[in-house]
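Visitor: Here it is, the structure, as structure tokens.
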Amino acid sequence: MTKLSVNINKIATLRNARGGNAPDVLKVATDCQLFGAEGITVHPRPDERHIRYADVYALRPIVSTEFNIEGYPSPEFIDLVCKVKPEQVTLVPDAHDAITSSAGWDTIAHAAFLKEVVAEFQSHGIRVSIFIDTNPDNIRNAALTETDRVELYTEPYATNYVLSPEQAVAPFVEAAKVAREVGLGVNAGHDLSLVNLSYLHKNIPWMAEVSIGHALICDALYLGLEQTINSYKKQLL
């Protein structure tokens, strides 16, 4: 079964726009789980423009499913994750001022760094996933870092899906096969939506998890959070 992890960054963005605590990030996380989400994802950034480090600490006792913390492994991020001890950490190569993740790791150029970071997190009992593109060499070298999983960066799939679903999904299927061959679990995330999620899942049914935030929160404005989560979960059947 492919799990649905809801990224709640956009809830924090809305809260921060006015100050105060509306909408309540902790309540939304609780409700997402109540409505069937199998995980909660957050991506704290250095400027704390959406999820704040304090939110991450507050969420730890709230998340009863699977807590996934994404981010660039700066010393501050590593310290946060090792203290919070989520079920999973996803390493992304974002610059500190990136609007959103826009590329996967070059696991060849950063092999030594990633191997060291992976070992640090695993020593605390945390599963590690590396955000990555579909380049087979990057996937094979990710395995050499001893990471547990890779997360496929699916923005190119989402962009090309509207032109040709078959051509859009093909490199991701091959990438997922390579990952499976070298013993890595496969996650996926970025720009997945009710439009394109089902097709991806049908072609890569062995995905362990998809992490979805922006599209899901946008859909919830029209459908409500419970119906939206149920709709996304149906795409993964």
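Quick note on naming: the chains in the structure tokens go A, B, ... in the order shown, residues restart at 1 in each chain, and ligands are numbered from 1 in order of appearance.
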Set the distance at 9 Å and use only C-alpha atoms: which residues neighbour A:Ile139 once local chain neighbours fewer than 4 positions away are removed? I'd like the list as a PyMOL selection string.

Guide: chain A and resi 107+132-135+143+150+175-176+178-179+182+184

Visitor: Can you list, as a list in words, every residue of stretch 140-178 of chain A that DSSP puts in helix (DSSP H, G or I)?

Guide: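 Secondary structure check on stretch 140-178 of chain A, helix (DSSP H, G or I): Arg140, Asn141, Ala142, Ala143, Leu144, Glu155, Pro156, Tyr157, Ala158, Thr159, Asn160, Tyr161, Pro165, Glu166, Gln167, Ala168, Val169, Ala170, Pro171, Phe172, Val173, Glu174, Ala175, Ala176, Lys177 and Val178 of chain A.
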
Visitor: Keeping N, CA, C and O atoms for every residue in the selection just given, could you write it to a file as an mmCIF file, in the first residue's frame?

Guide:
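And here's out_26.cif as it stands now:
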data_model
loop_
_atom_site.group_PDB
_atom_site.id
_atom_site.type_symbol
_atom_site.label_atom_id
_atom_site.label_comp_id
_atom_site.auth_asym_id
_atom_site.auth_seq_id
_atom_site.Cartn_x
_atom_site.Cartn_y
_atom_site.Cartn_z
ATOM 1 N N ARG A 140 21.694 4.902 -8.282
ATOM 2 C CA ARG A 140 22.659 3.864 -7.878
ATOM 3 C C ARG A 140 23.656 4.408 -6.847
ATOM 4 O O ARG A 140 24.028 3.707 -5.900
ATOM 5 N N ASN A 141 24.084 5.641 -7.036
ATOM 6 C CA ASN A 141 25.014 6.229 -6.071
ATOM 7 C C ASN A 141 24.323 6.595 -4.765
ATOM 8 O O ASN A 141 24.974 6.632 -3.715
ATOM 9 N N ALA A 142 23.020 6.844 -4.817
ATOM 10 C CA ALA A 142 22.282 7.061 -3.571
ATOM 11 C C ALA A 142 22.357 5.818 -2.700
ATOM 12 O O ALA A 142 22.489 5.903 -1.473
ATOM 13 N N ALA A 143 22.279 4.655 -3.341
ATOM 14 C CA ALA A 143 22.354 3.399 -2.588
ATOM 15 C C ALA A 143 23.686 3.277 -1.860
ATOM 16 O O ALA A 143 23.761 2.699 -0.768
ATOM 17 N N LEU A 144 24.749 3.844 -2.430
ATOM 18 C CA LEU A 144 26.072 3.755 -1.814
ATOM 19 C C LEU A 144 26.179 4.609 -0.550
ATOM 20 O O LEU A 144 27.083 4.404 0.260
ATOM 21 N N GLU A 155 8.058 16.868 -10.255
ATOM 22 C CA GLU A 155 7.600 18.053 -11.000
ATOM 23 C C GLU A 155 7.664 17.831 -12.507
ATOM 24 O O GLU A 155 6.709 18.187 -13.225
ATOM 25 N N PRO A 156 8.742 17.238 -13.057
ATOM 26 C CA PRO A 156 8.751 16.998 -14.508
ATOM 27 C C PRO A 156 7.618 16.077 -14.965
ATOM 28 O O PRO A 156 7.058 16.253 -16.055
ATOM 29 N N TYR A 157 7.289 15.089 -14.132
ATOM 30 C CA TYR A 157 6.160 14.209 -14.465
ATOM 31 C C TYR A 157 4.868 15.010 -14.534
ATOM 32 O O TYR A 157 4.092 14.885 -15.500
ATOM 33 N N ALA A 158 4.625 15.844 -13.536
ATOM 34 C CA ALA A 158 3.385 16.621 -13.491
ATOM 35 C C ALA A 158 3.288 17.590 -14.673
ATOM 36 O O ALA A 158 2.219 17.764 -15.264
ATOM 37 N N THR A 159 4.402 18.208 -15.019
ATOM 38 C CA THR A 159 4.415 19.164 -16.133
ATOM 39 C C THR A 159 4.122 18.476 -17.457
ATOM 40 O O THR A 159 3.344 18.975 -18.284
ATOM 41 N N ASN A 160 4.749 17.321 -17.667
ATOM 42 C CA ASN A 160 4.612 16.629 -18.952
ATOM 43 C C ASN A 160 3.378 15.744 -19.043
ATOM 44 O O ASN A 160 2.998 15.321 -20.145
ATOM 45 N N TYR A 161 2.741 15.490 -17.913
ATOM 46 C CA TYR A 161 1.566 14.618 -17.892
ATOM 47 C C TYR A 161 0.466 15.154 -18.806
ATOM 48 O O TYR A 161 -0.222 14.379 -19.481
ATOM 49 N N PRO A 165 0.781 11.420 -20.922
ATOM 50 C CA PRO A 165 0.973 10.663 -19.688
ATOM 51 C C PRO A 165 1.991 9.538 -19.838
ATOM 52 O O PRO A 165 2.813 9.319 -18.942
ATOM 53 N N GLU A 166 1.948 8.836 -20.961
ATOM 54 C CA GLU A 166 2.859 7.705 -21.161
ATOM 55 C C GLU A 166 4.320 8.153 -21.181
ATOM 56 O O GLU A 166 5.176 7.546 -20.526
ATOM 57 N N GLN A 167 4.599 9.212 -21.932
ATOM 58 C CA GLN A 167 5.970 9.707 -21.993
ATOM 59 C C GLN A 167 6.389 10.329 -20.668
ATOM 60 O O GLN A 167 7.555 10.218 -20.265
ATOM 61 N N ALA A 168 5.451 10.963 -19.985
ATOM 62 C CA ALA A 168 5.774 11.621 -18.720
ATOM 63 C C ALA A 168 6.177 10.614 -17.654
ATOM 64 O O ALA A 168 7.114 10.854 -16.876
ATOM 65 N N VAL A 169 5.489 9.496 -17.603
ATOM 66 C CA VAL A 169 5.724 8.542 -16.523
ATOM 67 C C VAL A 169 6.902 7.614 -16.797
ATOM 68 O O VAL A 169 7.488 7.045 -15.868
ATOM 69 N N ALA A 170 7.263 7.441 -18.076
ATOM 70 C CA ALA A 170 8.265 6.433 -18.444
ATOM 71 C C ALA A 170 9.579 6.549 -17.676
ATOM 72 O O ALA A 170 10.061 5.538 -17.125
ATOM 73 N N PRO A 171 10.206 7.738 -17.586
ATOM 74 C CA PRO A 171 11.475 7.800 -16.848
ATOM 75 C C PRO A 171 11.322 7.539 -15.360
ATOM 76 O O PRO A 171 12.266 7.053 -14.711
ATOM 77 N N PHE A 172 10.161 7.802 -14.826
ATOM 78 C CA PHE A 172 9.925 7.556 -13.402
ATOM 79 C C PHE A 172 9.744 6.075 -13.122
ATOM 80 O O PHE A 172 10.192 5.581 -12.083
ATOM 81 N N VAL A 173 9.116 5.371 -14.045
ATOM 82 C CA VAL A 173 9.000 3.925 -13.897
ATOM 83 C C VAL A 173 10.388 3.293 -13.926
ATOM 84 O O VAL A 173 10.719 2.433 -13.094
ATOM 85 N N GLU A 174 11.221 3.718 -14.874
ATOM 86 C CA GLU A 174 12.571 3.171 -14.972
ATOM 87 C C GLU A 174 13.383 3.503 -13.733
ATOM 88 O O GLU A 174 14.134 2.668 -13.214
ATOM 89 N N ALA A 175 13.243 4.733 -13.243
ATOM 90 C CA ALA A 175 13.972 5.137 -12.039
ATOM 91 C C ALA A 175 13.537 4.308 -10.838
ATOM 92 O O ALA A 175 14.369 3.874 -10.023
ATOM 93 N N ALA A 176 12.250 4.084 -10.719
ATOM 94 C CA ALA A 176 11.738 3.286 -9.598
ATOM 95 C C ALA A 176 12.216 1.845 -9.684
ATOM 96 O O ALA A 176 12.487 1.204 -8.657
ATOM 97 N N LYS A 177 12.338 1.328 -10.899
ATOM 98 C CA LYS A 177 12.857 -0.034 -11.075
ATOM 99 C C LYS A 177 14.316 -0.114 -10.645
ATOM 100 O O LYS A 177 14.735 -1.076 -9.981
ATOM 101 N N VAL A 178 15.100 0.893 -11.026
ATOM 102 C CA VAL A 178 16.510 0.920 -10.623
ATOM 103 C C VAL A 178 16.619 0.968 -9.107
ATOM 104 O O VAL A 178 17.419 0.250 -8.494
#

Visitor: From the options A:Gly71, A:Gln33, A:Lys233, A:Ile217, which residue's atoms come nearest to A:Leu14, counting only C-alpha atoms?

Guide: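 Residue with the minimum atom-to-atom distance to A:Leu14: A:Ile217.
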
Visitor: Counting only C-alpha atoms, which of A:Asp31, A:Glu66, A:Glu87, A:Asp94 gets nearest to A:Pro46?

Guide: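 Smallest separation from A:Pro46 among the options: A:Asp94.
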
Visitor: Can you work out which one of A:Ser129, A:Ser193, A:Thr65, A:Asn138 has the shortest atom-to-atom distance to A:His110, counting only C-alpha atoms?

Guide: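 Between A:Ser129, A:Ser193, A:Thr65, A:Asn138, the residue approaching A:His110 most closely is A:Asn138.
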
Visitor: Please, which residues of stretch 119-207 of chain A, numbered as in this document, come out strand (DSSP E or B) from DSSP, as a PyMOL selection string?

Guide: chain A and resi 127-132+149-153+185-189

Visitor: Once you have the residues from the selection above, write them out as a compact mmCIF listing (two decimals), in the first residue's frame, restricted to N, CA, C and O atoms.

Guide:
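New file out-v3.txt:
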# COMPACT_ATOMS: atom_id res chain seq x y z
N ARG A 127 14.65 6.76 9.74
CA ARG A 127 14.74 6.33 8.34
C ARG A 127 15.09 7.55 7.48
O ARG A 127 14.56 8.64 7.69
N VAL A 128 15.94 7.34 6.47
CA VAL A 128 16.40 8.44 5.63
C VAL A 128 15.97 8.24 4.19
O VAL A 128 16.09 7.14 3.63
N SER A 129 15.47 9.32 3.58
CA SER A 129 15.13 9.33 2.17
C SER A 129 15.86 10.50 1.51
O SER A 129 15.94 11.59 2.09
N ILE A 130 16.40 10.28 0.32
CA ILE A 130 17.11 11.32 -0.42
C ILE A 130 16.28 11.76 -1.61
O ILE A 130 15.87 10.94 -2.44
N PHE A 131 16.02 13.04 -1.70
CA PHE A 131 15.26 13.65 -2.79
C PHE A 131 16.11 13.61 -4.06
O PHE A 131 17.25 14.06 -4.06
N ILE A 132 15.56 13.07 -5.15
CA ILE A 132 16.41 12.72 -6.29
C ILE A 132 15.63 12.80 -7.59
O ILE A 132 14.40 12.70 -7.60
N ARG A 149 15.72 5.06 1.50
CA ARG A 149 14.80 5.32 0.40
C ARG A 149 15.31 6.49 -0.44
O ARG A 149 16.19 7.23 -0.03
N VAL A 150 14.70 6.65 -1.60
CA VAL A 150 14.81 7.87 -2.38
C VAL A 150 13.40 8.41 -2.59
O VAL A 150 12.43 7.65 -2.63
N GLU A 151 13.30 9.73 -2.71
CA GLU A 151 12.03 10.34 -3.08
C GLU A 151 12.19 10.94 -4.47
O GLU A 151 13.01 11.84 -4.68
N LEU A 152 11.42 10.44 -5.41
CA LEU A 152 11.49 10.92 -6.78
C LEU A 152 10.86 12.30 -6.89
O LEU A 152 9.72 12.52 -6.46
N TYR A 153 11.61 13.22 -7.47
CA TYR A 153 11.16 14.60 -7.69
C TYR A 153 10.24 14.61 -8.90
O TYR A 153 10.68 14.50 -10.04
N GLY A 185 13.83 1.79 -1.01
CA GLY A 185 12.41 2.10 -1.04
C GLY A 185 12.18 3.34 -1.89
O GLY A 185 13.08 4.17 -2.06
N VAL A 186 10.98 3.48 -2.43
CA VAL A 186 10.67 4.59 -3.33
C VAL A 186 9.52 5.43 -2.78
O VAL A 186 8.42 4.92 -2.55
N ASN A 187 9.80 6.71 -2.56
CA ASN A 187 8.79 7.71 -2.26
C ASN A 187 8.67 8.63 -3.47
O ASN A 187 9.49 8.57 -4.39
N ALA A 188 7.66 9.48 -3.48
CA ALA A 188 7.52 10.44 -4.58
C ALA A 188 6.85 11.71 -4.06
O ALA A 188 6.04 11.66 -3.14
N GLY A 189 7.19 12.83 -4.67
CA GLY A 189 6.57 14.07 -4.26
C GLY A 189 6.96 15.25 -5.13
O GLY A 189 8.02 15.26 -5.74

Visitor: May I ask which of the residues A:Met1, A:Asp79, A:Asp148, A:Gln122 is the closest one to A:Met207, counting only C-alpha atoms?

Guide: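 For A:Met207, the nearest of the candidates is A:Met1.
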
Visitor: Tell me which protein, DNA and RNA residues are within 7 Å of stretch 58-60 of chain A, counting only C-alpha atoms, leaving out same-chain ones fewer than 4 positions away, and put them as a list in words.

Guide: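 So, after excluding close chain neighbours, the residues are Leu26, Ala54 and Val84 of chain A.
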
Visitor: Write to file, as a CSV table (one decimal), in the first residue's frame, the residues of the selection just made, with all heavy atoms.

Guide:
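The result, written out as part19.csv:
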chain,number,residue,atom,x,y,z
A,26,LEU,N,-1.5,22.5,14.5
A,26,LEU,CA,-1.6,21.2,15.2
A,26,LEU,C,-2.9,20.6,15.0
A,26,LEU,O,-3.0,19.3,14.9
A,26,LEU,CB,-1.4,21.5,16.7
A,26,LEU,CG,0.0,22.1,17.1
A,26,LEU,CD1,0.1,22.1,18.6
A,26,LEU,CD2,1.1,21.3,16.5
A,54,ALA,N,9.7,25.7,16.1
A,54,ALA,CA,8.8,25.5,17.2
A,54,ALA,C,7.6,24.6,16.9
A,54,ALA,O,7.2,23.8,17.7
A,54,ALA,CB,8.3,26.8,17.8
A,84,VAL,N,14.0,15.7,17.6
A,84,VAL,CA,12.6,15.4,17.4
A,84,VAL,C,12.4,13.9,17.1
A,84,VAL,O,11.4,13.3,17.5
A,84,VAL,CB,12.0,16.3,16.3
A,84,VAL,CG1,10.6,15.8,16.0
A,84,VAL,CG2,12.0,17.7,16.7

Visitor: Nearest to A:Leu225 among A:Pro136, A:Pro75, A:Gly183, A:Gly36, with distances taken over only C-alpha atoms: which residue is it?

Guide: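 Under the stated criterion, the closest residue is A:Gly36.
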
Visitor: So what do you get for atom CA of A:Asp137 versus atom CA of A:Glu116, distance-wise?

Guide: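 Value for the atom CA of A:Asp137-atom CA of A:Glu116 distance: 19.5 Å.
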
Visitor: From the set A:Leu34, A:Ala29, A:Ile78, A:Ala208, which residue has the shortest atom-to-atom contact distance to A:Asn7, counting only C-alpha atoms?

Guide: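 Looking at the shortest contact to A:Asn7, the residue is A:Ala29.
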
Visitor: Neighbouring residues of A:Ile229 were defined as those with any atom within 10 Å, considering only C-alpha atoms; residues of the same chain fewer than 6 positions away were excluded. Please report them as a ChimeraX atom specification.

Guide: /A:4-6,32-33,35-37,216-217,219-220,223

Visitor: Determine, counting only C-alpha atoms, which protein, DNA and RNA residues have an atom within 7 Å of an atom of A:His201; residues of the same chain fewer than 4 positions away are not included. Present the result as an mmCIF file with C-alpha atoms, in the first residue's frame.

Guide:
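Ended up saving to around-v8.cif:
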data_model
loop_
_atom_site.group_PDB
_atom_site.id
_atom_site.type_symbol
_atom_site.label_atom_id
_atom_site.label_comp_id
_atom_site.auth_asym_id
_atom_site.auth_seq_id
_atom_site.Cartn_x
_atom_site.Cartn_y
_atom_site.Cartn_z
ATOM 1 C CA LEU A 197 -1.569 10.851 -8.955
ATOM 2 C CA PRO A 205 2.402 0.483 -7.490
ATOM 3 C CA LEU A 236 -3.745 5.175 -4.380
#

Visitor: Using only C-alpha atoms, which protein or nucleic acid residues come within 12 Å of A:Ser74? Drop anything in the same chain fewer than 2 positions from it, and give the result as a list in words.

Guide: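 Once the nearby chain positions are removed, what remains is Pro44, Arg45, Pro46, Glu70, Gly71, Tyr72, Glu76, Phe77, Ile78, Asp79, Leu80, Val81, Leu91, Val92, Pro93, Asp94, Ala95, His96, Phe113, Leu114 and Val117 of chain A.
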
Visitor: Please identify all polymer residues within 9 Å of stretch 8-11 of chain A, counting only C-alpha atoms, omitting same-chain residues fewer than 6 positions from it, and present them as a PyMOL selection string.

Guide: chain A and resi 22-25+28-29+40-44+50-51+212-214+217

Visitor: When you draw a straight line from atom CA of A:Leu194 to atom CA of A:Trp206, how long is it in Å?

Guide: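 Spanning atom CA of A:Leu194 to atom CA of A:Trp206 is a straight-line distance of 18.9 Å.
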
Visitor: Can you tell me how far atom CA of A:Phe67 sits from atom CA of A:Thr2, in Å to one decimal?

Guide: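 Atom CA of A:Thr2 lies 15.5 Å from atom CA of A:Phe67.
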